[in-house]
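Peer 1: Here you go, work39.cif (mmCIF, C-alpha atoms and all ligand atoms):
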```cif
data_run
#
loop_
_atom_site.group_PDB
_atom_site.id
_atom_site.type_symbol
_atom_site.label_atom_id
_atom_site.label_comp_id
_atom_site.auth_asym_id
_atom_site.auth_seq_id
_atom_site.Cartn_x
_atom_site.Cartn_y
_atom_site.Cartn_z
ATOM 1 C CA MET A 1 27.770 5.492 -12.275
ATOM 2 C CA ARG A 2 30.983 4.913 -10.345
ATOM 3 C CA ARG A 3 32.261 1.427 -9.636
ATOM 4 C CA ILE A 4 34.139 1.256 -6.346
ATOM 5 C CA THR A 5 35.950 -1.853 -5.208
ATOM 6 C CA SER A 6 37.957 -0.414 -2.316
ATOM 7 C CA PRO A 7 36.126 -0.423 1.061
ATOM 8 C CA ASP A 8 38.226 2.556 2.225
ATOM 9 C CA LEU A 9 37.323 4.650 -0.826
ATOM 10 C CA MET A 10 33.666 3.731 -0.426
ATOM 11 C CA GLN A 11 33.677 4.894 3.184
ATOM 12 C CA GLN A 12 35.530 8.126 2.368
ATOM 13 C CA LEU A 13 32.990 8.987 -0.331
ATOM 14 C CA ALA A 14 29.998 8.185 1.925
ATOM 15 C CA LEU A 15 31.455 10.287 4.755
ATOM 16 C CA ARG A 16 32.031 13.152 2.308
ATOM 17 C CA TRP A 17 28.385 12.917 1.172
ATOM 18 C CA LYS A 18 27.346 12.960 4.828
ATOM 19 C CA ARG A 19 29.323 16.119 5.510
ATOM 20 C CA GLU A 20 27.801 17.817 2.463
ATOM 21 C CA LYS A 21 24.305 16.706 3.457
ATOM 22 C CA VAL A 22 21.709 19.449 3.078
ATOM 23 C CA GLY A 23 18.151 18.565 4.089
ATOM 24 C CA GLN A 24 16.207 15.546 2.777
ATOM 25 C CA ARG A 25 17.531 15.507 -0.767
ATOM 26 C CA ALA A 26 21.003 14.403 0.196
ATOM 27 C CA ARG A 27 19.951 11.150 1.829
ATOM 28 C CA ILE A 28 22.068 8.084 1.136
ATOM 29 C CA ALA A 29 20.257 4.840 0.262
ATOM 30 C CA LEU A 30 21.875 1.413 0.260
ATOM 31 C CA VAL A 31 20.555 -1.614 -1.614
ATOM 32 C CA PRO A 32 22.656 -4.561 -0.398
ATOM 33 C CA THR A 33 22.801 -7.452 -2.887
ATOM 34 C CA MET A 34 24.853 -10.492 -3.792
ATOM 35 C CA GLY A 35 24.424 -9.730 -7.493
ATOM 36 C CA ALA A 36 22.691 -11.870 -10.154
ATOM 37 C CA LEU A 37 20.235 -8.994 -10.137
ATOM 38 C CA HIS A 38 16.628 -9.466 -11.243
ATOM 39 C CA GLU A 39 13.407 -7.455 -11.293
ATOM 40 C CA GLY A 40 13.087 -7.886 -7.490
ATOM 41 C CA HIS A 41 16.396 -6.051 -7.012
ATOM 42 C CA ALA A 42 15.365 -3.516 -9.686
ATOM 43 C CA GLU A 43 12.308 -2.699 -7.581
ATOM 44 C CA LEU A 44 14.503 -2.138 -4.480
ATOM 45 C CA ILE A 45 16.710 0.176 -6.537
ATOM 46 C CA ARG A 46 13.722 2.115 -7.977
ATOM 47 C CA GLN A 47 12.338 2.684 -4.475
ATOM 48 C CA ALA A 48 15.764 3.774 -3.259
ATOM 49 C CA ARG A 49 16.113 6.134 -6.227
ATOM 50 C CA LYS A 50 12.791 7.804 -5.313
ATOM 51 C CA GLN A 51 13.795 8.390 -1.713
ATOM 52 C CA ALA A 52 17.447 9.397 -1.717
ATOM 53 C CA ALA A 53 19.885 11.637 -3.522
ATOM 54 C CA HIS A 54 22.702 9.082 -3.426
ATOM 55 C CA VAL A 55 21.970 5.446 -4.279
ATOM 56 C CA ILE A 56 24.579 2.796 -3.566
ATOM 57 C CA VAL A 57 24.108 -0.816 -4.648
ATOM 58 C CA SER A 58 26.517 -3.184 -2.943
ATOM 59 C CA LEU A 59 27.342 -6.359 -4.788
ATOM 60 C CA TYR A 60 29.244 -8.853 -2.689
ATOM 61 C CA VAL A 61 28.785 -12.617 -2.537
ATOM 62 C CA ASN A 62 29.318 -12.856 1.202
ATOM 63 C CA PRO A 63 31.136 -16.115 1.986
ATOM 64 C CA THR A 64 30.284 -16.104 5.696
ATOM 65 C CA GLN A 65 26.566 -16.605 5.112
ATOM 66 C CA PHE A 66 27.070 -19.839 3.143
ATOM 67 C CA GLY A 67 27.372 -23.206 4.873
ATOM 68 C CA PRO A 68 30.222 -25.562 3.875
ATOM 69 C CA LYS A 69 27.882 -27.634 1.661
ATOM 70 C CA GLU A 70 26.064 -24.664 0.117
ATOM 71 C CA ASP A 71 26.321 -23.037 -3.310
ATOM 72 C CA LEU A 72 29.014 -20.356 -2.675
ATOM 73 C CA SER A 73 31.282 -21.491 -5.522
ATOM 74 C CA ARG A 74 28.479 -21.901 -8.063
ATOM 75 C CA TYR A 75 26.558 -18.770 -7.013
ATOM 76 C CA PRO A 76 25.931 -16.823 -10.271
ATOM 77 C CA ARG A 77 28.191 -13.783 -10.832
ATOM 78 C CA PRO A 78 27.054 -11.988 -14.030
ATOM 79 C CA LEU A 79 28.899 -8.777 -13.140
ATOM 80 C CA ASP A 80 28.596 -6.983 -16.500
ATOM 81 C CA ALA A 81 24.831 -7.515 -16.738
ATOM 82 C CA ASP A 82 24.445 -6.421 -13.094
ATOM 83 C CA ALA A 83 26.458 -3.247 -13.718
ATOM 84 C CA ALA A 84 24.419 -2.479 -16.866
ATOM 85 C CA LEU A 85 21.136 -2.820 -14.936
ATOM 86 C CA CYS A 86 22.407 -0.540 -12.153
ATOM 87 C CA ARG A 87 23.492 2.042 -14.709
ATOM 88 C CA ARG A 88 20.070 1.925 -16.434
ATOM 89 C CA LEU A 89 18.333 2.459 -13.099
ATOM 90 C CA GLY A 90 20.409 5.512 -12.245
ATOM 91 C CA VAL A 91 22.527 4.034 -9.449
ATOM 92 C CA ASP A 92 25.291 6.407 -8.328
ATOM 93 C CA VAL A 93 27.761 3.856 -6.977
ATOM 94 C CA LEU A 94 28.124 0.140 -7.539
ATOM 95 C CA PHE A 95 30.184 -1.000 -4.563
ATOM 96 C CA ASN A 96 31.749 -4.304 -5.527
ATOM 97 C CA PRO A 97 34.538 -5.199 -3.081
ATOM 98 C CA ALA A 98 36.631 -8.315 -3.714
ATOM 99 C CA ASN A 99 36.785 -9.115 -0.007
ATOM 100 C CA LEU A 100 35.407 -7.624 3.193
ATOM 101 C CA TYR A 101 37.177 -9.789 5.762
ATOM 102 C CA ALA A 102 40.683 -9.549 7.155
ATOM 103 C CA PRO A 103 42.409 -12.960 7.225
ATOM 104 C CA ASP A 104 42.147 -12.873 11.033
ATOM 105 C CA HIS A 105 38.600 -11.428 11.152
ATOM 106 C CA SER A 106 37.193 -12.233 14.587
ATOM 107 C CA THR A 107 34.192 -9.964 15.231
ATOM 108 C CA TRP A 108 30.657 -11.152 14.577
ATOM 109 C CA VAL A 109 27.152 -9.755 14.905
ATOM 110 C CA THR A 110 24.935 -12.480 16.306
ATOM 111 C CA GLU A 111 21.209 -11.884 16.666
ATOM 112 C CA GLU A 112 19.775 -14.425 19.072
ATOM 113 C CA ALA A 113 15.974 -14.452 18.672
ATOM 114 C CA ALA A 114 14.661 -13.608 15.191
ATOM 115 C CA SER A 115 17.395 -15.716 13.622
ATOM 116 C CA LEU A 116 16.349 -18.927 15.394
ATOM 117 C CA GLY A 117 14.364 -21.572 13.484
ATOM 118 C CA ARG A 118 13.266 -21.546 9.831
ATOM 119 C CA CYS A 119 16.259 -20.579 7.627
ATOM 120 C CA GLY A 120 18.336 -20.111 10.782
ATOM 121 C CA GLY A 121 17.528 -23.728 11.727
ATOM 122 C CA SER A 122 18.333 -25.270 8.369
ATOM 123 C CA ARG A 123 21.302 -22.980 7.602
ATOM 124 C CA PRO A 124 23.397 -22.788 10.795
ATOM 125 C CA GLY A 125 25.556 -19.643 10.910
ATOM 126 C CA HIS A 126 23.715 -18.059 7.962
ATOM 127 C CA PHE A 127 22.235 -15.109 9.853
ATOM 128 C CA ARG A 128 25.455 -14.457 11.756
ATOM 129 C CA GLY A 129 27.098 -13.989 8.345
ATOM 130 C CA VAL A 130 24.244 -11.806 7.078
ATOM 131 C CA ALA A 131 24.083 -9.634 10.219
ATOM 132 C CA THR A 132 27.859 -9.180 10.240
ATOM 133 C CA VAL A 133 28.215 -8.237 6.583
ATOM 134 C CA VAL A 134 25.177 -5.931 6.604
ATOM 135 C CA THR A 135 26.493 -4.117 9.708
ATOM 136 C CA LYS A 136 29.833 -3.728 7.955
ATOM 137 C CA LEU A 137 28.155 -2.495 4.752
ATOM 138 C CA PHE A 138 26.291 0.083 6.857
ATOM 139 C CA ALA A 139 29.613 1.269 8.327
ATOM 140 C CA LEU A 140 31.169 1.535 4.870
ATOM 141 C CA THR A 141 28.262 3.230 3.078
ATOM 142 C CA GLN A 142 26.696 5.282 5.925
ATOM 143 C CA PRO A 143 23.117 4.913 4.620
ATOM 144 C CA ASP A 144 20.109 6.841 5.930
ATOM 145 C CA LEU A 145 17.870 4.212 4.303
ATOM 146 C CA ALA A 146 18.504 0.559 3.439
ATOM 147 C CA PHE A 147 16.180 -1.496 1.245
ATOM 148 C CA PHE A 148 15.446 -5.200 1.772
ATOM 149 C CA GLY A 149 12.985 -7.514 0.009
ATOM 150 C CA LEU A 150 10.148 -9.157 1.920
ATOM 151 C CA LYS A 151 10.853 -12.480 0.233
ATOM 152 C CA ASP A 152 13.646 -12.936 2.774
ATOM 153 C CA ALA A 153 11.217 -12.211 5.601
ATOM 154 C CA GLN A 154 13.383 -13.717 8.334
ATOM 155 C CA GLN A 155 16.467 -11.843 7.099
ATOM 156 C CA LEU A 156 14.444 -8.628 7.270
ATOM 157 C CA SER A 157 13.396 -9.350 10.891
ATOM 158 C CA VAL A 158 16.989 -10.126 11.866
ATOM 159 C CA ILE A 159 18.276 -6.887 10.301
ATOM 160 C CA GLU A 160 15.509 -4.854 11.967
ATOM 161 C CA ARG A 161 16.509 -6.329 15.336
ATOM 162 C CA VAL A 162 20.203 -5.633 14.777
ATOM 163 C CA VAL A 163 19.451 -2.026 13.825
ATOM 164 C CA ARG A 164 17.200 -1.548 16.863
ATOM 165 C CA ASP A 165 19.427 -3.357 19.374
ATOM 166 C CA LEU A 166 22.666 -1.696 18.266
ATOM 167 C CA ALA A 167 20.989 1.705 17.680
ATOM 168 C CA LEU A 168 22.323 1.907 14.133
ATOM 169 C CA PRO A 169 21.294 5.221 12.512
ATOM 170 C CA VAL A 170 19.585 3.740 9.444
ATOM 171 C CA ARG A 171 15.932 3.205 8.491
ATOM 172 C CA ILE A 172 15.136 -0.218 7.063
ATOM 173 C CA VAL A 173 12.658 -0.083 4.183
ATOM 174 C CA PRO A 174 10.896 -3.390 3.364
ATOM 175 C CA VAL A 175 9.876 -3.885 -0.267
ATOM 176 C CA GLU A 176 7.122 -6.237 -1.501
ATOM 177 C CA ILE A 177 7.967 -9.527 -3.198
ATOM 178 C CA VAL A 178 8.198 -9.354 -6.986
ATOM 179 C CA ARG A 179 6.853 -12.412 -8.802
ATOM 180 C CA ASP A 180 7.131 -13.798 -12.293
ATOM 181 C CA ARG A 181 3.909 -13.963 -14.331
ATOM 182 C CA ASP A 182 3.413 -17.564 -13.220
ATOM 183 C CA GLY A 183 3.619 -16.537 -9.539
ATOM 184 C CA LEU A 184 7.134 -17.770 -8.687
ATOM 185 C CA ALA A 185 8.881 -15.239 -6.446
ATOM 186 C CA LEU A 186 11.960 -13.842 -8.193
ATOM 187 C CA SER A 187 15.231 -15.135 -6.803
ATOM 188 C CA SER A 188 18.800 -15.289 -8.071
ATOM 189 C CA ARG A 189 18.606 -19.034 -7.428
ATOM 190 C CA ASN A 190 15.697 -19.534 -9.894
ATOM 191 C CA ARG A 191 18.288 -19.695 -12.652
ATOM 192 C CA TYR A 192 19.490 -23.048 -11.262
ATOM 193 C CA LEU A 193 16.102 -24.638 -12.055
ATOM 194 C CA THR A 194 15.617 -26.811 -15.132
ATOM 195 C CA PRO A 195 12.300 -26.169 -16.962
ATOM 196 C CA ALA A 196 10.786 -29.283 -15.329
ATOM 197 C CA GLU A 197 11.989 -28.194 -11.856
ATOM 198 C CA ARG A 198 10.641 -24.713 -12.407
ATOM 199 C CA ASN A 199 7.241 -26.189 -13.219
ATOM 200 C CA ARG A 200 7.313 -28.197 -10.009
ATOM 201 C CA ALA A 201 8.468 -25.143 -8.037
ATOM 202 C CA LEU A 202 5.222 -23.337 -8.915
ATOM 203 C CA ALA A 203 3.547 -25.446 -6.231
ATOM 204 C CA LEU A 204 5.280 -23.193 -3.662
ATOM 205 C CA PRO A 205 3.376 -19.947 -4.434
ATOM 206 C CA LEU A 206 0.198 -21.792 -5.436
ATOM 207 C CA LEU A 207 -0.037 -23.808 -2.224
ATOM 208 C CA LEU A 208 0.937 -20.797 -0.095
ATOM 209 C CA GLN A 209 -1.876 -18.836 -1.700
ATOM 210 C CA ALA A 210 -4.367 -21.624 -1.007
ATOM 211 C CA ALA A 211 -3.025 -22.201 2.523
ATOM 212 C CA VAL A 212 -3.211 -18.625 3.834
ATOM 213 C CA VAL A 213 -7.024 -18.729 3.937
ATOM 214 C CA GLN A 214 -7.211 -22.090 5.776
ATOM 215 C CA PRO A 215 -7.880 -22.298 9.531
ATOM 216 C CA ALA A 216 -4.564 -24.174 10.038
ATOM 217 C CA PRO A 217 -2.429 -22.797 7.179
ATOM 218 C CA ALA A 218 0.913 -24.408 8.024
ATOM 219 C CA ALA A 219 -0.601 -27.882 8.536
ATOM 220 C CA TRP A 220 -2.631 -27.521 5.322
ATOM 221 C CA PHE A 221 0.465 -26.512 3.347
ATOM 222 C CA ARG A 222 2.506 -29.387 4.813
ATOM 223 C CA THR A 223 -0.150 -31.988 3.947
ATOM 224 C CA HIS A 224 -0.463 -30.820 0.371
ATOM 225 C CA ILE A 225 3.186 -30.152 -0.475
ATOM 226 C CA THR A 226 4.370 -33.507 0.851
ATOM 227 C CA ARG A 227 1.992 -35.265 -1.565
ATOM 228 C CA LEU A 228 3.803 -33.791 -4.571
ATOM 229 C CA PRO A 229 6.674 -35.710 -6.195
ATOM 230 C CA GLY A 230 10.072 -34.075 -6.696
ATOM 231 C CA LEU A 231 9.715 -31.507 -3.874
ATOM 232 C CA THR A 232 11.040 -31.678 -0.330
ATOM 233 C CA LEU A 233 9.641 -29.487 2.388
ATOM 234 C CA ASP A 234 12.303 -27.755 4.474
ATOM 235 C CA TYR A 235 9.907 -25.827 6.738
ATOM 236 C CA VAL A 236 6.548 -24.103 6.821
ATOM 237 C CA GLU A 237 5.646 -21.751 9.662
ATOM 238 C CA ALA A 238 3.223 -18.939 10.380
ATOM 239 C CA VAL A 239 5.288 -16.033 11.748
ATOM 240 C CA ASP A 240 4.482 -12.339 12.244
ATOM 241 C CA GLY A 241 1.271 -12.573 10.208
ATOM 242 C CA ARG A 242 2.899 -14.336 7.259
ATOM 243 C CA LEU A 243 3.026 -17.961 6.173
ATOM 244 C CA CYS A 244 6.677 -18.698 5.394
ATOM 245 C CA ALA A 245 7.946 -21.805 3.631
ATOM 246 C CA ALA A 246 11.143 -23.233 2.189
ATOM 247 C CA ILE A 247 11.304 -26.188 -0.172
ATOM 248 C CA ARG A 248 13.940 -28.013 -2.153
ATOM 249 C CA VAL A 249 13.463 -28.704 -5.832
ATOM 250 C CA GLY A 250 16.318 -30.935 -6.953
ATOM 251 C CA LYS A 251 19.423 -29.247 -5.528
ATOM 252 C CA THR A 252 17.821 -25.810 -5.328
ATOM 253 C CA ARG A 253 16.364 -24.372 -2.139
ATOM 254 C CA LEU A 254 13.576 -21.834 -2.597
ATOM 255 C CA ILE A 255 11.794 -19.670 -0.030
ATOM 256 C CA ASP A 256 8.583 -17.681 -0.234
ATOM 257 C CA ASN A 257 5.896 -16.212 2.026
ATOM 258 C CA LEU A 258 2.481 -14.564 1.920
ATOM 259 C CA PRO A 259 0.411 -12.594 4.433
ATOM 260 C CA LEU A 260 -1.975 -14.780 6.444
ATOM 261 C CA LEU A 261 -5.664 -14.278 5.780
ATOM 262 C CA SER A 262 -7.009 -17.017 8.044
ATOM 263 C CA PRO A 263 -10.774 -17.189 8.661
ATOM 264 C CA ALA A 264 -10.325 -16.433 12.366
ATOM 265 C CA PRO A 265 -8.896 -12.877 12.021
ATOM 266 C CA ARG A 266 -11.411 -12.163 9.251
ATOM 267 C CA LYS A 267 -14.284 -13.102 11.586
ATOM 268 C CA ARG A 268 -12.759 -10.978 14.302
ATOM 269 C CA ALA A 269 -12.402 -8.072 11.852
ATOM 270 C CA LYS A 270 -16.089 -8.473 10.929
ATOM 271 C CA ARG A 271 -17.096 -8.451 14.597
ATOM 272 C CA VAL A 272 -14.999 -5.332 15.179
ATOM 273 C CA LYS A 273 -16.665 -3.601 12.194
ATOM 274 C CA GLN A 274 -20.106 -4.660 13.437
ATOM 275 C CA GLY A 275 -19.217 -3.310 16.869
ATOM 276 C CA VAL A 276 -18.234 0.016 15.326
ATOM 277 C CA ARG A 277 -21.495 0.107 13.356
ATOM 278 C CA SER A 278 -23.651 -0.686 16.396
ATOM 279 C CA ARG A 279 -21.849 1.925 18.475
ATOM 280 C CA ARG A 280 -22.463 4.465 15.698
ATOM 281 C CA LEU A 281 -26.166 3.548 15.627
ATOM 282 C CA ALA A 282 -26.539 3.824 19.404
HETATM 283 O O1 LIG B 1 19.743 -10.803 0.603
HETATM 284 C C1 LIG B 1 20.921 -10.856 0.184
HETATM 285 O O2 LIG B 1 21.200 -10.812 -1.016
HETATM 286 C C2 LIG B 1 22.062 -10.982 1.189
HETATM 287 O O3 LIG B 1 21.696 -11.792 2.256
HETATM 288 C C3 LIG B 1 22.591 -9.629 1.698
HETATM 289 C C4 LIG B 1 21.522 -8.862 2.478
HETATM 290 C C5 LIG B 1 23.066 -8.791 0.515
HETATM 291 C C6 LIG B 1 23.785 -9.843 2.631
HETATM 292 O O4 LIG B 1 24.832 -10.496 1.989
#
```
What do you get writing this file as structure tokens?
Ligand code: PAF

Peer 2:
Amino acid sequence: MRRITSPDLMQQLALRWKREKVGQRARIALVPTMGALHEGHAELIRQARKQAAHVIVSLYVNPTQFGPKEDLSRYPRPLDADAALCRRLGVDVLFNPANLYAPDHSTWVTEEAASLGRCGGSRPGHFRGVATVVTKLFALTQPDLAFFGLKDAQQLSVIERVVRDLALPVRIVPVEIVRDRDGLALSSRNRYLTPAERNRALALPLLLQAAVVQPAPAAWFRTHITRLPGLTLDYVEAVDGRLCAAIRVGKTRLIDNLPLLSPAPRKRAKRVKQGVRSRRLA
């Protein structure tokens, strides 16, 4: 595995790979990360490894997606462990730039629909930072495929919009959420939780799971989560067939989501099946 810190060198190498490209096997895959890698990232990397000849993992704690009161300075940076994991998983290049912004950087990618509300509402400027850095990472690594986790469902929608609206030549591959045995979705921020906070945080996946089968899932989730001590609800919303929620446990903000399975669509599905059956009988 090569470790590249220079953006120019990264781009030269990616462009060289592009020129040498022969058929499907030479595809370039990018897994963009901010490091503190866990099994969720490992799954993105494994999927990338299966689908491309060249796998690049970018590791850059992007300052422009953090608000002034957020955890940029304390964000975990276990670089050696991250590099070891990438090496074990057969990554070709770990792209770990020190900085991606000129001192007078003045160009931003702003998505103006998918980024509204939810995390965009509680973290102003967050998705502008994400969209800008991901667009820049695409320019530097020239990927055919880029892998993003479904845990950050809104981030995924924003990136898909940016790619579509700016006609960027990359296919976005969503990857399912990876959970710990107890159900907590893996996140680099889980390591901030004390054992007691982690226990309390389990209410997030448990209540989401119970809520997705209710007739009014978001209202049900809100009622139940607000009864629990030590947790603060940031938002809960049903969007694009998923119930998405963010909570705070102590100083840590956690997000998660699950596909909706509300009784209404299930009844409709049953009626559709019955319709098919009766048409077949007729
Ligand atoms: O999901 C993340 O880790 C970050 O938002 C990303 C996509 C690497 C951009 O900094």

Peer 1: From the options A:Ser187, A:Thr110, A:Gln209, A:Thr232, which residue's atoms come nearest to ligand LIG 1 (chain B), counting all atoms listed in the file?

Peer 2: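 Closest to ligand LIG 1 (chain B) of all the choices is A:Ser187.
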
Peer 1: Can you turn the PyMOL selection byres (((chain A and resi 38-51) around 7) and not hetatm) into a concrete residue list for this file, as a compact mmCIF listing (two decimals) with C-alpha atoms, keeping the file's coordinate frame?

Peer 2:
```txt
# COMPACT_ATOMS: atom_id res chain seq x y z
CA ALA A 29 20.26 4.84 0.26
CA VAL A 31 20.56 -1.61 -1.61
CA ALA A 36 22.69 -11.87 -10.15
CA LEU A 37 20.24 -8.99 -10.14
CA ALA A 52 17.45 9.40 -1.72
CA VAL A 55 21.97 5.45 -4.28
CA LEU A 89 18.33 2.46 -13.10
CA PHE A 147 16.18 -1.50 1.25
CA VAL A 175 9.88 -3.88 -0.27
CA ILE A 177 7.97 -9.53 -3.20
CA VAL A 178 8.20 -9.35 -6.99
CA LEU A 186 11.96 -13.84 -8.19
CA SER A 188 18.80 -15.29 -8.07
```

Peer 1: With the PyMOL selection byres (((not hetatm)) within 9 of (chain B and resi 1)) as the selection, what would be picked from this file? Answer as a list in words, please.

Peer 2: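 Written out, the selection comes to Val31, Pro32, Thr33, Met34, Gly35, Ser58, Leu59, Tyr60, Val61, Asn62, Pro63, Thr64, Gln65, His126, Phe127, Gly129, Val130, Ala131, Thr132, Val133, Val134, Leu137, Phe148, Gly149, Asp152, Gln155, Leu156, Ile159 and Ser188 of chain A.
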
Peer 1: Would you write out those residues with C-alpha atoms, as a tab-separated table (two decimals), in the coordinates of the input?

Peer 2:
```tsv
chain	number	residue	atom	x	y	z
A	31	VAL	CA	20.56	-1.61	-1.61
A	32	PRO	CA	22.66	-4.56	-0.40
A	33	THR	CA	22.80	-7.45	-2.89
A	34	MET	CA	24.85	-10.49	-3.79
A	35	GLY	CA	24.42	-9.73	-7.49
A	58	SER	CA	26.52	-3.18	-2.94
A	59	LEU	CA	27.34	-6.36	-4.79
A	60	TYR	CA	29.24	-8.85	-2.69
A	61	VAL	CA	28.78	-12.62	-2.54
A	62	ASN	CA	29.32	-12.86	1.20
A	63	PRO	CA	31.14	-16.11	1.99
A	64	THR	CA	30.28	-16.10	5.70
A	65	GLN	CA	26.57	-16.60	5.11
A	126	HIS	CA	23.72	-18.06	7.96
A	127	PHE	CA	22.24	-15.11	9.85
A	129	GLY	CA	27.10	-13.99	8.35
A	130	VAL	CA	24.24	-11.81	7.08
A	131	ALA	CA	24.08	-9.63	10.22
A	132	THR	CA	27.86	-9.18	10.24
A	133	VAL	CA	28.22	-8.24	6.58
A	134	VAL	CA	25.18	-5.93	6.60
A	137	LEU	CA	28.16	-2.50	4.75
A	148	PHE	CA	15.45	-5.20	1.77
A	149	GLY	CA	12.98	-7.51	0.01
A	152	ASP	CA	13.65	-12.94	2.77
A	155	GLN	CA	16.47	-11.84	7.10
A	156	LEU	CA	14.44	-8.63	7.27
A	159	ILE	CA	18.28	-6.89	10.30
A	188	SER	CA	18.80	-15.29	-8.07
```

Peer 1: What does the PyMOL selection byres (((chain A and resi 98) around 9) and not hetatm) select in this file, as a ChimeraX atom specification?

Peer 2: /A:5-6,60,96-97,99-100

Peer 1: Could you check which of A:Pro195, A:Pro229, A:Pro124, A:Pro215 is closest to Leu261 (chain A), using all atoms listed in the file?

Peer 2: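 Looking at the shortest contact to Leu261 (chain A), the residue is A:Pro215.
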
Peer 1: Mind pulling up the distance from CA of Asp165 (chain A) to CA of Ala114 (chain A)?

Peer 2: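 These atoms are spaced 12.1 Å apart.
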
Peer 1: For a cutoff of 9 Å around the file-coordinate point (9.0, -33.7, -6.5), which residues qualify once you count all atoms listed in the file? I'd like the result as a short mmCIF file (atom, residue, chain, number, x, y, z; two decimals) with C-alpha atoms, in the frame of the given file.

Peer 2:
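Okay, selection-v3.cif is ready:
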```cif
data_model
loop_
_atom_site.label_atom_id
_atom_site.label_comp_id
_atom_site.auth_asym_id
_atom_site.auth_seq_id
_atom_site.Cartn_x
_atom_site.Cartn_y
_atom_site.Cartn_z
CA GLU A 197 11.99 -28.19 -11.86
CA ARG A 200 7.31 -28.20 -10.01
CA ALA A 201 8.47 -25.14 -8.04
CA THR A 226 4.37 -33.51 0.85
CA ARG A 227 1.99 -35.26 -1.56
CA LEU A 228 3.80 -33.79 -4.57
CA PRO A 229 6.67 -35.71 -6.20
CA GLY A 230 10.07 -34.08 -6.70
CA LEU A 231 9.72 -31.51 -3.87
CA THR A 232 11.04 -31.68 -0.33
CA ARG A 248 13.94 -28.01 -2.15
CA VAL A 249 13.46 -28.70 -5.83
CA GLY A 250 16.32 -30.94 -6.95
#
```

Peer 1: Report as JSON lines the residues of region 66-127 of chain A within 10 Å of region 189-192 of chain A, each with its shortest atom pair and distance in Å (one decimal), using all atoms listed in the file, ordered by chain and increasing residue number.

Peer 2:
```
{"residue": "A:Asp71", "atom": "CA", "partner": "A:Arg189", "partner_atom": "CA", "distance": 9.6}
{"residue": "A:Arg74", "atom": "CA", "partner": "A:Tyr192", "partner_atom": "CA", "distance": 9.6}
{"residue": "A:Tyr75", "atom": "CA", "partner": "A:Arg189", "partner_atom": "CA", "distance": 8.0}
{"residue": "A:Pro76", "atom": "CA", "partner": "A:Arg189", "partner_atom": "CA", "distance": 8.2}
```

Peer 1: Pick out the closest residue to Pro169 (chain A) from this set: A:Ala153, A:Ala146, A:Leu206, A:Leu254. Count only C-alpha atoms.

Peer 2: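 Smallest distance to Pro169 (chain A) is found for A:Ala146.
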
Peer 1: Please list as a ChimeraX atom specification every residue within 12 Å of Leu168 (chain A), counting only C-alpha atoms and excluding residues in the same chain fewer than 5 positions away.

Peer 2: /A:134-139,142-146,159-163

Peer 1: Generate the output file for the selected residues, C-alpha atoms, as a PDB file, in the frame of the given file.

Peer 2:
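Written output follows (part33.pdb):
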```
ATOM      1  CA  VAL A 134      25.177  -5.931   6.604  1.00  0.00           C
ATOM      2  CA  THR A 135      26.493  -4.117   9.708  1.00  0.00           C
ATOM      3  CA  LYS A 136      29.833  -3.728   7.955  1.00  0.00           C
ATOM      4  CA  LEU A 137      28.155  -2.495   4.752  1.00  0.00           C
ATOM      5  CA  PHE A 138      26.291   0.083   6.857  1.00  0.00           C
ATOM      6  CA  ALA A 139      29.613   1.269   8.327  1.00  0.00           C
ATOM      7  CA  GLN A 142      26.696   5.282   5.925  1.00  0.00           C
ATOM      8  CA  PRO A 143      23.117   4.913   4.620  1.00  0.00           C
ATOM      9  CA  ASP A 144      20.109   6.841   5.930  1.00  0.00           C
ATOM     10  CA  LEU A 145      17.870   4.212   4.303  1.00  0.00           C
ATOM     11  CA  ALA A 146      18.504   0.559   3.439  1.00  0.00           C
ATOM     12  CA  ILE A 159      18.276  -6.887  10.301  1.00  0.00           C
ATOM     13  CA  GLU A 160      15.509  -4.854  11.967  1.00  0.00           C
ATOM     14  CA  ARG A 161      16.509  -6.329  15.336  1.00  0.00           C
ATOM     15  CA  VAL A 162      20.203  -5.633  14.777  1.00  0.00           C
ATOM     16  CA  VAL A 163      19.451  -2.026  13.825  1.00  0.00           C
TER      17      VAL A 163
END
```

Peer 1: Tell me, in Å to one decimal, how far CA of Arg128 (chain A) is from CA of Gly67 (chain A).

Peer 2: 11.3 Å

Peer 1: Report as a VMD selection string all protein, DNA and RNA residues lying within 6 Å of Ala14 (chain A), evaluated on only C-alpha atoms, omitting residues in the same chain fewer than 2 positions from it.

Peer 2: chain A and resid 11 to 12 16 to 17 141 to 142

Peer 1: Please compute the CA of Pro259 (chain A)-CA of Ala219 (chain A) distance, one decimal, in Å.

Peer 2: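 Value for the CA of Pro259 (chain A)-CA of Ala219 (chain A) distance: 15.9 Å.
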
Peer 1: Using only C-alpha atoms, find the one residue out of A:Ala102, A:Cys86, A:Thr107, A:Thr252 that sits nearest to Thr194 (chain A).

Peer 2: A:Thr252
